[in-house]
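**Student:** Got a structure for you, questions after.
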Amino acid sequence: MPDLVTITIDDVEYKVPNGMLLTDAAKLIGIDIPVFCSHPKLDPLGACRMCLVEQDVRGRWMIVTACTIRMAEGLKFRYASPAAVQAREDTLEFLLINHPLDCPICDKGGECPLQDHTLQHGPGISHFQEDKVHKAKRYPISDLIMLDQERCILCWRCIRYLEEWEDKPQLSLFHRGNTTVVDFFPEQPVDAKTSGNIIDLCPVGALTNRVSRFRYRPWEMKRTKSICTHCSQGCNVRLDGRIHQLRRIVGRENMAVNNEWICDKGRFIYAFADAPERLLTPLIRDHKGGELRPAGWEEALALTAQRLAFTADVQGPAAVGAIGSAKLSNEAAYLLQKLMRSLVGSNNIDHRGGAAVLADPRGLSAIRDLDQADVIVLAGVDPAEEQPVLATFIRRAVRRRGAKLVILHPRQIEDTRYPGLYLPYKPGEEGALWDRLSRALLQEPKVQARAARLPGFADLSDSLGGGAAVDAAASEAARLIVNAQRPLLLYGPALVSGRHAAANRASLLNFALLAGCAERVNYLAPEANSVGARDMGLLPASLPGHAALAEPAGRERLERQWGVKLPAEPGLGYDEMLEAAAAGRLRALYLVGSDPASQGPAGLAALQKVDFLVVQDLFLTESAKLADVVLPAVSWAESDGTFTNLERRVQRAPQALANPHSQAAPDWLIFTELAKLWPAVTGEARSDGKKSKRKGGDATRTWSYADARAVLDEITRAAPMYDKLGWDALGDEGQQWPAASLPGGPRRLVIPEPRRAAQDVSGYPYALLTGQVLFDDGGLLRPTEAAAKVAAPAAVGMNPADAEAEKLADGQMATVSSLAGQATLPVRLDATVQRGVLWIPLSLPGAPAETLSSAEGSSGVGVRVRIAAEKAG
């Protein structure tokens, strides 16, 4: 607890924390000093002069700004004196001189500090009679934010946020006197990826949201505390809705997760929640080649249950599979795998980025560990694109606390501008880079004595080449990490997926053991519920709570809870199911929130071979267009659910909306109703007159759920680390499940298995780099009109030197080819891309990256490509 000091306000003594700002100290004792420029998340400035008070300075009372004075013993102030009151009143009168009287149409009306302070502290009349100074109105500073310069009171909050948190000074003050305005620099509009936070910070209606502008009055909206589901950080938000529509999203404070910031994707991309093109009713295809037609739930579910059960009965449970999504809630993921295992009798259950990614299920230790780290290693991740709010914390650690960055990435990502080291590599060379760093570690005297005591050291040292020379960059990086007091190593899915996933993981963990930071190696999961989907057992060889399918104890525990014998044979993963479908071995497939058909020709061809396809989704996706049954689901805003973020924090997402004109249903309810039909369909006679071998009656006894919270109650019993994480216990800010619930990483050095050579790639000189960008052409972004304006360009990024060698110019159309297919895209010269690498983001129109990389499965790691100018005609 901070030391207390005695101060005096209006002749009354108070004890307040030493060093606290006067505005904050006064609030603790019940005195609310008005402010505009001051904000607890920004550095003190004293620009607006709204907080004026009197202070005794060496016996003279002087007018001072309360928001810049820190508490010390014996300070004396006057808040309610005539001089202080008059000073604040004068400040407001000056601010209002040129402020427009457009409160009735201002988005800020009803929640505006200027209105509130004028009512409490302002003059009753104005002495101003001259014409107001007019400035630009409806002035866009980006494709997402509108500025009204007349409303601006020059508090500097927007300028300071971009400088202090984003480290992008993209706004400033221009001109002088009463013509001063906030503006961006010529031809450099605001493009920071968390820029929308300046809208929340603005104390007046000067900055407004171009997506939600004029769509609400604040006092008319229903406000629901929730979370963002666009990435794995799980930033806390507030959903504001009215008349069954989501009108806006604003940030909500949770110091453990997102402070109070959210990224622009989380703020502006939400039209999918109530888009008119949403599925409203189930659809059925009466025969192959026929059209989808509307149907009732009873008919659609009965057909789904009958065909899934029939296929499992006749072809065997291994002929049925289900692919979920890391965007599903915990409750939906849990029930999907339960349905497959307990009713269908199959472990063919996975999600994209599931079994193919050999990640540590414990994720990040804690987001706020970034605050204390002195060296942060970013390996194969780009937080600025993948978790933008996390990226602001990393920059804060670098700029405010002197942390150093070590970045390993095929592209020179945005954060390579900071002090530290950048070690480039080509996709497919991840393991070799870690081995290089390990060799560098072995030359550090500090490491040699400790490493020699590690089991397996001698064998690993021999395999690495012992005293072989290493390059200066690897030596410097190794030295920086091993000498750090609090290093933090963050890696992404690209590092532990693909054909070399196991070897790469072994090389990574070897390095961590040698460096003495094995417990500070953390996986950055990519999607909203990547961690939760694994926790729920949405994997072919893992049960809820990460119980290995091969271990009888885990199976038996669930068999007792579910009242059914579970299959013990591991199932097929995501890529394996699509391969089996293409080969005719997988006859029925259930897709939930997954769209393989939009992810390249291989997925499309596989789905076309399936005898019976069920798709459960928000929209009529490319996969849904091929389905025999389409089941309309609801979004995260329309149903209760929980999600587990990248630091294992389980958070609530309560229902905020309901569409009275839609028959769409929550995923958990669809699974529940489907399970209730199982006894009837499994009791029916087979078409050949034989009795069904599948038993559904006993298994469905455990499918009586009144709501999503009841499903979570069952999860707390099925997954041991969730045992204290019921709905009420989570509260508004969520709870982490303890990392100690699972065993830590290995304590033995291992020789990585030989990295399998790829197929013959002669004639394919480039490595293909794919990855996420914040704004792409994903299905959830398309309903938001503004998304198209900020989306990443559909292009292939190429180093200028490579482009010159290939005789390609910027903007020229070129054909990129791999063993799996080809795509035609404009060339974009990009010096951040390494030589020998072509960069194509995922989820672009036409899925070019997915098309080219499908030969390596969904990971897309290690694909070789070539490029040539598009042939005329």
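Following the order of the structure tokens, first chain is A, next is B, and so on, with residues numbered from 1 inside each chain and ligands from 1 in the order they appear.
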Could you name the residues that touch Leu4 in chain A at 9 Å or less, counting only C-alpha atoms, but leaving out those on the same chain fewer than 2 positions away, as an MDAnalysis selection string?

**Tutor:** chainID A and resid 1:2 6 15:18 72:73

**Student:** Let me see the file: selected residues, C-alpha atoms, as a PDB file, in the first residue's frame.

**Tutor:**
```
ATOM      1  CA  MET A   1       0.000   0.000   0.000  1.00  0.00           C
ATOM      2  CA  PRO A   2       1.426   3.451  -0.881  1.00  0.00           C
ATOM      3  CA  THR A   6      -1.738  14.754   4.688  1.00  0.00           C
ATOM      4  CA  LYS A  15      -4.957  11.363   4.172  1.00  0.00           C
ATOM      5  CA  VAL A  16      -4.261  10.404   0.554  1.00  0.00           C
ATOM      6  CA  PRO A  17      -1.689   8.213  -1.250  1.00  0.00           C
ATOM      7  CA  ASN A  18       1.656   9.884  -1.796  1.00  0.00           C
ATOM      8  CA  ALA A  72       2.980  15.351  -1.147  1.00  0.00           C
ATOM      9  CA  GLU A  73       2.955  16.096   2.559  1.00  0.00           C
TER      10      GLU A  73
END
```

**Student:** At a cut-off of 10 Å, using only C-alpha atoms, what residues contact Phe174 in chain A? Leave out same-chain residues fewer than 3 positions from it and give the result as a list of chain:residue names.

**Tutor:**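 Contacts, with the query itself left out: A:Leu171, A:Gly177, A:Thr179, A:Thr180, A:Val181, A:Val182, A:Asp183, A:Phe184, A:Phe185.
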
**Student:** Find the distance between CA of Thr229 in chain A and CA of Ser843 in chain A and write it in Å to one decimal.

**Tutor:** 17.2 Å

**Student:** Counting only C-alpha atoms, which residue out of A:Thr784, A:Thr68, A:Gln315, A:Asn98 sits closest to Leu586 in chain A?

**Tutor:** A:Gln315

**Student:** What does the distance from CA of Ile153 in chain A to CA of Pro203 in chain A come to in Å, to one decimal?

**Tutor:**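 Answer for the CA of Ile153 in chain A to CA of Pro203 in chain A separation: 8.6 Å.
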
**Student:** Find the residues near range 273-288 of chain A: any atom within 10 Å, counting only C-alpha atoms, skip ones fewer than 3 places away on the same chain, and give them as JSON, numbers by chain.

**Tutor:** {"A": [244, 245, 246, 247, 269, 270, 291, 292, 293, 294, 295, 296, 297, 298, 299, 300, 301, 303, 304, 611, 612, 614, 615, 616, 617, 618, 619, 620, 621, 624, 625, 626, 627, 628, 629, 630, 631, 632, 633, 634, 635, 636, 637, 638, 657, 658, 659, 661, 662, 663, 664, 665, 780, 782, 783, 784]}
